[in-house]
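Engineer: Coordinates in data_39.cif, mmCIF, C-alpha atoms, are listed below.
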```cif
data_work
#
loop_
_atom_site.group_PDB
_atom_site.id
_atom_site.type_symbol
_atom_site.label_atom_id
_atom_site.label_comp_id
_atom_site.auth_asym_id
_atom_site.auth_seq_id
_atom_site.Cartn_x
_atom_site.Cartn_y
_atom_site.Cartn_z
ATOM 1 C CA MET A 11 22.851 1.513 -11.024
ATOM 2 C CA PRO A 12 19.978 0.804 -8.629
ATOM 3 C CA THR A 13 18.107 -2.458 -9.179
ATOM 4 C CA VAL A 14 14.745 -3.818 -8.073
ATOM 5 C CA THR A 15 15.247 -6.373 -5.283
ATOM 6 C CA SER A 16 11.602 -7.123 -4.451
ATOM 7 C CA LEU A 17 8.043 -6.241 -5.447
ATOM 8 C CA HIS A 18 5.109 -6.190 -3.039
ATOM 9 C CA ILE A 19 1.354 -6.108 -3.526
ATOM 10 C CA TYR A 20 -1.209 -5.299 -0.832
ATOM 11 C CA PRO A 21 -4.474 -6.333 -2.488
ATOM 12 C CA ILE A 22 -6.802 -5.251 0.341
ATOM 13 C CA LYS A 23 -6.047 -1.868 1.849
ATOM 14 C CA SER A 24 -4.471 -2.128 5.320
ATOM 15 C CA LEU A 25 -4.243 -5.943 5.291
ATOM 16 C CA GLY A 26 -1.078 -7.974 4.767
ATOM 17 C CA GLY A 27 0.647 -8.194 1.415
ATOM 18 C CA PHE A 28 2.782 -10.619 -0.556
ATOM 19 C CA SER A 29 5.829 -10.484 -2.786
ATOM 20 C CA VAL A 30 5.942 -11.279 -6.508
ATOM 21 C CA GLN A 31 8.730 -11.718 -9.024
ATOM 22 C CA THR A 32 6.988 -9.686 -11.717
ATOM 23 C CA ALA A 33 4.189 -7.137 -11.680
ATOM 24 C CA LYS A 34 2.156 -5.182 -14.184
ATOM 25 C CA ALA A 35 2.342 -1.448 -13.521
ATOM 26 C CA LEU A 36 -0.906 0.342 -14.341
ATOM 27 C CA GLU A 37 -1.715 4.017 -13.951
ATOM 28 C CA GLU A 38 -3.485 3.344 -10.650
ATOM 29 C CA GLY A 39 -0.547 1.305 -9.304
ATOM 30 C CA LEU A 40 0.685 -2.279 -9.483
ATOM 31 C CA GLU A 41 -1.985 -4.687 -10.700
ATOM 32 C CA HIS A 42 -4.182 -5.931 -7.817
ATOM 33 C CA ASP A 43 -2.549 -3.534 -5.341
ATOM 34 C CA ARG A 44 -5.120 -1.855 -3.055
ATOM 35 C CA ARG A 45 -7.945 -2.744 -5.448
ATOM 36 C CA TRP A 46 -10.146 -3.882 -2.554
ATOM 37 C CA MET A 47 -10.810 -2.311 0.825
ATOM 38 C CA LEU A 48 -12.938 -2.765 3.898
ATOM 39 C CA VAL A 49 -15.404 -0.014 4.760
ATOM 40 C CA ASP A 50 -17.739 0.567 7.688
ATOM 41 C CA GLU A 51 -21.497 1.037 7.455
ATOM 42 C CA THR A 52 -21.033 4.641 6.304
ATOM 43 C CA GLY A 53 -18.601 3.716 3.502
ATOM 44 C CA ARG A 54 -15.545 5.040 5.337
ATOM 45 C CA PHE A 55 -12.383 2.994 4.851
ATOM 46 C CA LEU A 56 -11.023 0.845 7.682
ATOM 47 C CA THR A 57 -7.345 1.034 8.571
ATOM 48 C CA GLN A 58 -4.795 -0.438 10.936
ATOM 49 C CA ARG A 59 -4.524 3.006 12.492
ATOM 50 C CA GLU A 60 -7.843 2.328 14.225
ATOM 51 C CA HIS A 61 -8.075 -1.459 13.947
ATOM 52 C CA ILE A 62 -4.617 -2.860 14.706
ATOM 53 C CA GLU A 63 -5.778 -6.456 14.258
ATOM 54 C CA MET A 64 -6.048 -5.841 10.498
ATOM 55 C CA ALA A 65 -2.284 -6.451 10.386
ATOM 56 C CA LEU A 66 -2.943 -10.097 11.240
ATOM 57 C CA PHE A 67 -4.941 -10.765 8.065
ATOM 58 C CA LYS A 68 -2.494 -12.285 5.571
ATOM 59 C CA THR A 69 -2.982 -12.506 1.828
ATOM 60 C CA CYS A 70 -1.611 -14.545 -1.049
ATOM 61 C CA MET A 71 -2.428 -14.906 -4.722
ATOM 62 C CA SER A 72 -4.107 -17.950 -6.268
ATOM 63 C CA GLU A 73 -5.273 -18.663 -9.799
ATOM 64 C CA LYS A 74 -8.854 -17.804 -8.862
ATOM 65 C CA GLY A 75 -8.287 -14.741 -6.734
ATOM 66 C CA VAL A 76 -6.807 -13.450 -3.498
ATOM 67 C CA LYS A 77 -6.795 -15.777 -0.516
ATOM 68 C CA VAL A 78 -7.106 -14.108 2.897
ATOM 69 C CA THR A 79 -6.068 -15.954 6.059
ATOM 70 C CA TYR A 80 -6.825 -15.044 9.651
ATOM 71 C CA GLU A 81 -5.451 -17.451 12.249
ATOM 72 C CA ASP A 82 -6.688 -20.872 11.040
ATOM 73 C CA ASP A 83 -9.525 -19.515 8.899
ATOM 74 C CA GLU A 84 -9.361 -18.468 5.258
ATOM 75 C CA ILE A 85 -11.546 -17.126 2.488
ATOM 76 C CA LEU A 86 -11.131 -16.549 -1.250
ATOM 77 C CA ILE A 87 -11.783 -13.165 -2.871
ATOM 78 C CA PRO A 88 -12.390 -13.991 -6.548
ATOM 79 C CA PHE A 89 -10.969 -11.744 -9.245
ATOM 80 C CA ASP A 90 -13.546 -9.629 -11.091
ATOM 81 C CA TYR A 91 -16.400 -10.835 -8.915
ATOM 82 C CA TYR A 92 -18.733 -8.331 -7.281
ATOM 83 C CA GLN A 93 -22.391 -7.483 -6.904
ATOM 84 C CA GLU A 94 -24.312 -5.209 -9.220
ATOM 85 C CA GLY A 95 -24.940 -1.668 -8.115
ATOM 86 C CA SER A 96 -22.585 0.753 -6.471
ATOM 87 C CA GLU A 97 -21.454 1.817 -3.015
ATOM 88 C CA ASP A 98 -20.513 5.334 -1.958
ATOM 89 C CA VAL A 99 -17.103 5.050 -0.275
ATOM 90 C CA ASN A 100 -14.362 7.389 0.803
ATOM 91 C CA VAL A 101 -10.598 7.263 1.234
ATOM 92 C CA TRP A 102 -9.446 10.357 3.105
ATOM 93 C CA GLU A 103 -10.682 13.306 1.004
ATOM 94 C CA SER A 104 -11.642 11.114 -1.976
ATOM 95 C CA HIS A 105 -15.284 10.202 -2.489
ATOM 96 C CA LEU A 106 -15.990 7.613 -5.169
ATOM 97 C CA GLN A 107 -18.076 4.651 -6.268
ATOM 98 C CA ALA A 108 -17.095 1.042 -5.631
ATOM 99 C CA GLN A 109 -18.838 -2.317 -5.811
ATOM 100 C CA GLN A 110 -19.593 -4.647 -2.932
ATOM 101 C CA VAL A 111 -18.038 -8.079 -3.400
ATOM 102 C CA ASP A 112 -20.269 -10.555 -1.528
ATOM 103 C CA GLY A 113 -22.424 -10.708 1.591
ATOM 104 C CA LYS A 114 -20.784 -13.901 2.883
ATOM 105 C CA ILE A 115 -17.366 -12.256 2.580
ATOM 106 C CA ASN A 116 -18.681 -9.255 4.516
ATOM 107 C CA ASP A 117 -19.843 -11.578 7.298
ATOM 108 C CA TRP A 118 -16.438 -13.310 7.413
ATOM 109 C CA PHE A 119 -14.570 -10.042 7.921
ATOM 110 C CA SER A 120 -17.202 -8.637 10.286
ATOM 111 C CA ASN A 121 -17.000 -11.695 12.519
ATOM 112 C CA HIS A 122 -13.216 -11.604 12.755
ATOM 113 C CA LEU A 123 -12.920 -7.824 13.170
ATOM 114 C CA LYS A 124 -15.971 -7.640 15.453
ATOM 115 C CA ILE A 125 -17.296 -4.641 13.541
ATOM 116 C CA ASN A 126 -19.925 -4.443 10.823
ATOM 117 C CA CYS A 127 -18.003 -3.929 7.602
ATOM 118 C CA LYS A 128 -18.109 -4.599 3.882
ATOM 119 C CA LEU A 129 -15.480 -5.506 1.324
ATOM 120 C CA VAL A 130 -15.660 -3.321 -1.780
ATOM 121 C CA ALA A 131 -13.803 -3.545 -5.076
ATOM 122 C CA MET A 132 -12.405 -0.859 -7.341
ATOM 123 C CA THR A 133 -13.947 -1.443 -10.756
ATOM 124 C CA ALA A 134 -14.592 0.502 -13.953
ATOM 125 C CA ILE A 135 -17.098 2.681 -12.095
ATOM 126 C CA SER A 136 -14.464 3.787 -9.580
ATOM 127 C CA LYS A 137 -12.946 7.099 -10.589
ATOM 128 C CA ARG A 138 -10.321 8.489 -8.227
ATOM 129 C CA LYS A 139 -7.773 11.176 -9.038
ATOM 130 C CA LYS A 140 -4.895 12.455 -6.960
ATOM 131 C CA GLU A 141 -3.732 16.020 -7.560
ATOM 132 C CA PHE A 142 -0.233 17.218 -6.681
ATOM 133 C CA GLN A 143 2.183 20.089 -7.255
ATOM 134 C CA LYS A 144 4.445 18.459 -9.859
ATOM 135 C CA ALA A 145 3.744 17.742 -13.545
ATOM 136 C CA PRO A 146 1.556 16.081 -14.765
ATOM 137 C CA PHE A 147 -0.258 17.434 -11.654
ATOM 138 C CA SER A 148 -2.679 14.512 -11.316
ATOM 139 C CA SER A 149 -2.910 10.741 -11.625
ATOM 140 C CA SER A 150 -5.451 7.999 -11.226
ATOM 141 C CA VAL A 151 -4.864 6.072 -8.021
ATOM 142 C CA SER A 152 -6.149 2.920 -6.340
ATOM 143 C CA PHE A 153 -7.495 2.752 -2.777
ATOM 144 C CA ALA A 154 -3.944 3.567 -1.586
ATOM 145 C CA ASP A 155 -3.641 6.515 0.801
ATOM 146 C CA GLY A 156 -2.405 8.909 -1.835
ATOM 147 C CA TYR A 157 -0.150 7.695 -4.653
ATOM 148 C CA PRO A 158 0.016 4.727 -7.044
ATOM 149 C CA CYS A 159 3.424 3.411 -5.901
ATOM 150 C CA LEU A 160 5.833 3.639 -2.997
ATOM 151 C CA ILE A 161 9.551 3.148 -3.608
ATOM 152 C CA LEU A 162 12.007 2.419 -0.789
ATOM 153 C CA SER A 163 15.717 1.612 -0.901
ATOM 154 C CA GLU A 164 17.419 -1.029 1.204
ATOM 155 C CA GLU A 165 20.071 1.590 1.976
ATOM 156 C CA SER A 166 17.464 3.853 3.606
ATOM 157 C CA MET A 167 16.314 0.911 5.717
ATOM 158 C CA GLU A 168 19.870 -0.025 6.651
ATOM 159 C CA LEU A 169 20.588 3.529 7.825
ATOM 160 C CA LEU A 170 17.467 3.500 9.987
ATOM 161 C CA ASN A 171 18.360 0.147 11.525
ATOM 162 C CA GLU A 172 21.867 1.385 12.311
ATOM 163 C CA LYS A 173 20.237 4.041 14.471
ATOM 164 C CA MET A 174 17.762 1.663 16.122
ATOM 165 C CA GLU A 175 18.360 -0.373 19.281
ATOM 166 C CA SER A 176 16.516 -3.278 17.650
ATOM 167 C CA PRO A 177 16.336 -3.555 13.853
ATOM 168 C CA LEU A 178 12.946 -3.610 12.138
ATOM 169 C CA ASN A 179 11.680 -5.456 9.094
ATOM 170 C CA ILE A 180 11.244 -3.371 5.953
ATOM 171 C CA ASP A 181 7.625 -4.560 5.738
ATOM 172 C CA ARG A 182 6.729 -1.912 8.355
ATOM 173 C CA PHE A 183 6.720 0.595 5.491
ATOM 174 C CA ARG A 184 4.531 -1.377 3.081
ATOM 175 C CA ALA A 185 6.449 -0.275 -0.008
ATOM 176 C CA ASN A 186 5.645 -1.646 -3.461
ATOM 177 C CA ILE A 187 9.117 -1.473 -4.973
ATOM 178 C CA ILE A 188 12.266 -2.187 -2.942
ATOM 179 C CA VAL A 189 15.524 -1.169 -4.602
ATOM 180 C CA LYS A 190 19.223 -1.463 -3.869
ATOM 181 C CA GLY A 191 22.340 0.218 -5.204
ATOM 182 C CA CYS A 192 21.983 3.869 -4.222
ATOM 183 C CA GLN A 193 22.704 6.181 -1.311
ATOM 184 C CA ALA A 194 20.319 6.198 1.640
ATOM 185 C CA HIS A 195 17.244 8.320 0.800
ATOM 186 C CA GLU A 196 18.517 8.979 -2.706
ATOM 187 C CA GLU A 197 15.123 7.772 -3.944
ATOM 188 C CA ASP A 198 13.623 11.004 -2.560
ATOM 189 C CA GLU A 199 15.490 12.983 -5.216
ATOM 190 C CA TRP A 200 14.712 10.829 -8.228
ATOM 191 C CA ASN A 201 12.569 12.281 -10.998
ATOM 192 C CA ASP A 202 11.831 10.112 -14.025
ATOM 193 C CA CYS A 203 13.005 6.516 -13.939
ATOM 194 C CA ALA A 204 12.604 3.559 -16.271
ATOM 195 C CA LEU A 205 12.420 0.014 -14.964
ATOM 196 C CA GLY A 206 11.470 -2.925 -17.122
ATOM 197 C CA SER A 207 9.031 -1.624 -19.741
ATOM 198 C CA THR A 208 7.606 0.878 -17.245
ATOM 199 C CA GLN A 209 8.324 4.566 -16.785
ATOM 200 C CA MET A 210 7.680 6.212 -13.441
ATOM 201 C CA ARG A 211 8.070 9.654 -11.901
ATOM 202 C CA VAL A 212 8.855 10.310 -8.257
ATOM 203 C CA ILE A 213 6.554 13.060 -6.991
ATOM 204 C CA LYS A 214 7.634 13.569 -3.387
ATOM 205 C CA PRO A 215 9.020 11.863 -0.279
ATOM 206 C CA CYS A 216 6.373 9.865 1.590
ATOM 207 C CA ALA A 217 5.086 11.264 4.901
ATOM 208 C CA ARG A 218 4.716 8.456 7.440
ATOM 209 C CA CYS A 219 2.068 7.805 10.081
ATOM 210 C CA VAL A 220 1.549 5.712 13.213
ATOM 211 C CA MET A 221 0.808 2.649 11.067
ATOM 212 C CA THR A 222 4.575 2.146 10.786
ATOM 213 C CA THR A 223 4.669 1.517 14.553
ATOM 214 C CA ILE A 224 2.578 -1.666 14.190
ATOM 215 C CA ASP A 225 4.461 -4.974 13.977
ATOM 216 C CA GLN A 226 2.998 -6.612 10.865
ATOM 217 C CA ASP A 227 3.587 -10.106 12.265
ATOM 218 C CA THR A 228 2.248 -9.720 15.794
ATOM 219 C CA GLY A 229 -0.097 -6.730 15.592
ATOM 220 C CA GLN A 230 1.703 -5.120 18.535
ATOM 221 C CA LYS A 231 2.108 -1.338 18.562
ATOM 222 C CA GLY A 232 5.108 0.630 19.853
ATOM 223 C CA VAL A 233 6.838 3.975 19.339
ATOM 224 C CA GLU A 234 9.359 2.898 16.716
ATOM 225 C CA PRO A 235 10.356 3.638 14.030
ATOM 226 C CA LEU A 236 8.781 7.106 14.266
ATOM 227 C CA LYS A 237 10.718 7.929 17.443
ATOM 228 C CA THR A 238 14.066 7.351 15.736
ATOM 229 C CA LEU A 239 13.019 8.741 12.356
ATOM 230 C CA SER A 240 11.950 11.983 14.017
ATOM 231 C CA THR A 241 15.584 12.627 14.973
ATOM 232 C CA TYR A 242 16.756 12.879 11.362
ATOM 233 C CA ARG A 243 13.844 12.627 8.923
ATOM 234 C CA LYS A 244 11.440 15.229 10.302
ATOM 235 C CA LYS A 245 10.556 18.345 8.355
ATOM 236 C CA LEU A 246 7.699 20.764 9.088
ATOM 237 C CA ASN A 247 6.225 18.346 11.629
ATOM 238 C CA LYS A 248 6.126 15.447 9.160
ATOM 239 C CA ILE A 249 8.380 12.399 9.071
ATOM 240 C CA TYR A 250 9.457 11.166 5.631
ATOM 241 C CA PHE A 251 10.610 7.702 4.567
ATOM 242 C CA GLY A 252 10.404 6.319 1.029
ATOM 243 C CA ALA A 253 9.199 8.065 -2.120
ATOM 244 C CA ASN A 254 5.750 8.437 -3.688
ATOM 245 C CA ALA A 255 5.663 7.769 -7.427
ATOM 246 C CA ILE A 256 3.229 7.729 -10.337
ATOM 247 C CA ILE A 257 3.184 5.622 -13.496
ATOM 248 C CA LEU A 258 3.953 7.593 -16.663
ATOM 249 C CA LYS A 259 3.988 4.561 -18.968
ATOM 250 C CA GLU A 260 2.306 1.297 -18.114
ATOM 251 C CA GLY A 261 4.396 -1.853 -18.431
ATOM 252 C CA MET A 262 5.968 -4.777 -16.618
ATOM 253 C CA ILE A 263 8.442 -4.637 -13.726
ATOM 254 C CA ASN A 264 10.597 -7.584 -12.690
ATOM 255 C CA VAL A 265 12.803 -8.304 -9.721
ATOM 256 C CA GLY A 266 16.337 -7.675 -10.987
ATOM 257 C CA ASP A 267 15.386 -4.832 -13.320
ATOM 258 C CA VAL A 268 17.931 -2.030 -13.480
ATOM 259 C CA ILE A 269 16.515 1.424 -12.758
ATOM 260 C CA ASN A 270 17.577 3.950 -15.364
ATOM 261 C CA LEU A 271 17.506 7.474 -13.984
#
```
Reformat the file's structure so that it appears as structure tokens.
Structural biologist:
Amino acid sequence: MPTVTSLHIYPIKSLGGFSVQTAKALEEGLEHDRRWMLVDETGRFLTQREHIEMALFKTCMSEKGVKVTYEDDEILIPFDYYQEGSEDVNVWESHLQAQQVDGKINDWFSNHLKINCKLVAMTAISKRKKEFQKAPFSSSVSFADGYPCLILSEESMELLNEKMESPLNIDRFRANIIVKGCQAHEEDEWNDCALGSTQMRVIKPCARCVMTTIDQDTGQKGVEPLKTLSTYRKKLNKIYFGANAIILKEGMINVGDVINL
């Protein structure tokens, strides 16, 4: 049976993430995952696709909030702390309300990214739904690109690296749940699965973009892994790697949990 080998949370969209031993799975995704994001002066989300240096911002969890580090500078993003009032923001085709966190935090990010930007938080006022072609046909979702969770198997990664001249780290794909104990890309075909006290449903394979070509440690951009993936994972001009999933029943997930299919 497949088992969970690692869990990953990316608290601020497009910045670095961290691993945890246990995570609470909520309808929108793992707790704290993509619950904050940086937006420009128009409210449009910022991404590594346009600002590669975002890969160099690292995050970790503390008792008081999320700590963000850039080179030798760091700042704390407190949990449940934000300004009153709302901000109009957008993630791709989604338009929703969010709340600005703090002016000093905005200045910190703006100075390092050299662009005027604001950090916003997803709160109770933030209503975002994703619609899709498989029952239940919609789900709440965080600031993630499209789905609450991304599942990826170590076997899929091993197959890719066998085809590569130089192996890559699995963090290129920014998955939430890494599993082991199945055939390569078997996760694409999963439907309902239970892990820990959580029930999930795989909706579709995940279409990948140029963000996977950015080294998450150095911020350098290349042509891999999309060049290699296009030779065996391309369908209708899209390249697929990993599986998009929704949360059917909220609960806890732990490293080591067996996945019941």
Engineer: Tell me which protein, DNA and RNA residues are within 9 Å of Gln31 (chain A), counting all atoms listed in the file, leaving out same-chain ones fewer than 3 positions away, and put them as a ChimeraX atom specification.
Structural biologist: /A:16-18,263-266
Engineer: Write the residues of the selection above to a file with C-alpha atoms, as an mmCIF file, in the frame of the given file.
Structural biologist:
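Saved to result-v7.cif:
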```
data_model
loop_
_atom_site.group_PDB
_atom_site.id
_atom_site.type_symbol
_atom_site.label_atom_id
_atom_site.label_comp_id
_atom_site.auth_asym_id
_atom_site.auth_seq_id
_atom_site.Cartn_x
_atom_site.Cartn_y
_atom_site.Cartn_z
ATOM 1 C CA SER A 16 11.602 -7.123 -4.451
ATOM 2 C CA LEU A 17 8.043 -6.241 -5.447
ATOM 3 C CA HIS A 18 5.109 -6.190 -3.039
ATOM 4 C CA ILE A 263 8.442 -4.637 -13.726
ATOM 5 C CA ASN A 264 10.597 -7.584 -12.690
ATOM 6 C CA VAL A 265 12.803 -8.304 -9.721
ATOM 7 C CA GLY A 266 16.337 -7.675 -10.987
#
```
Engineer: Name the residues captured by the PyMOL selection byres ((chain A and resi 163) around 8) when it is applied to the shown file; answer as a list in words.
Structural biologist: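 So the PyMOL selection byres ((chain A and resi 163) around 8) ends up selecting Ile161, Leu162, Glu164, Glu165, Ser166, Met167, Ile188, Val189, Lys190, Cys192, Ala194, His195, Glu197 and Gly252 of chain A.
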Engineer: What is the distance, in Å and to one decimal place, between CA of Ala154 (chain A) and CA of Arg182 (chain A)?
Structural biologist: 15.6 Å
Engineer: Between CA of Val212 (chain A) and CA of Asp198 (chain A), what is the distance, to one decimal in Å?
Structural biologist: 7.5 Å
Engineer: The PyMOL selection byres ((chain A and resi 181) around 12) - which residues does that actually catch in the file I just gave you? List them as number ranges by chain.
Structural biologist: A: 16-20, 25-29, 65, 162, 164, 167, 177-180, 182-188, 221-227, 235
Engineer: From the options A:Ile115, A:Cys203, A:Leu56, A:Met11, which residue's atoms come nearest to Glu84 (chain A), counting only C-alpha atoms?
Structural biologist: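 Of A:Ile115, A:Cys203, A:Leu56, A:Met11, the one nearest Glu84 (chain A) is A:Ile115, counting only C-alpha atoms.
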Engineer: One decimal, in Å: what's the spacing between CA of Met47 (chain A) and CA of Phe251 (chain A)?
Structural biologist: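 Interatomic distance, CA of Met47 (chain A) to CA of Phe251 (chain A): 23.9 Å.
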Engineer: With only C-alpha atoms as the atoms that count, which of A:Met132, A:Trp46, A:Ser24, A:Tyr91 lies nearest to Lys68 (chain A)?
Structural biologist: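 Between A:Met132, A:Trp46, A:Ser24, A:Tyr91, the residue approaching Lys68 (chain A) most closely is A:Ser24.
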Engineer: Care to translate the PyMOL selection byres ((chain A and resi 73) around 12) into actual residues of this file, as a PyMOL selection string?
Structural biologist: chain A and resi 70-72+74-77+86-89
Engineer: Would you list the residues near (5.5, 0.8, -12.2) (no more than 7 Å away, in the coordinates of the file, using all atoms listed in the file) as a PDB file with C-alpha atoms, in the frame of the given file?
Structural biologist:
```pdb
ATOM      1  CA  ALA A  35       2.342  -1.448 -13.521  1.00  0.00           C
ATOM      2  CA  LEU A  36      -0.906   0.342 -14.341  1.00  0.00           C
ATOM      3  CA  GLY A  39      -0.547   1.305  -9.304  1.00  0.00           C
ATOM      4  CA  LEU A  40       0.685  -2.279  -9.483  1.00  0.00           C
ATOM      5  CA  THR A 208       7.606   0.878 -17.245  1.00  0.00           C
ATOM      6  CA  GLN A 209       8.324   4.566 -16.785  1.00  0.00           C
ATOM      7  CA  MET A 210       7.680   6.212 -13.441  1.00  0.00           C
ATOM      8  CA  ILE A 257       3.184   5.622 -13.496  1.00  0.00           C
ATOM      9  CA  GLU A 260       2.306   1.297 -18.114  1.00  0.00           C
ATOM     10  CA  GLY A 261       4.396  -1.853 -18.431  1.00  0.00           C
ATOM     11  CA  ILE A 263       8.442  -4.637 -13.726  1.00  0.00           C
TER      12      ILE A 263
END
```
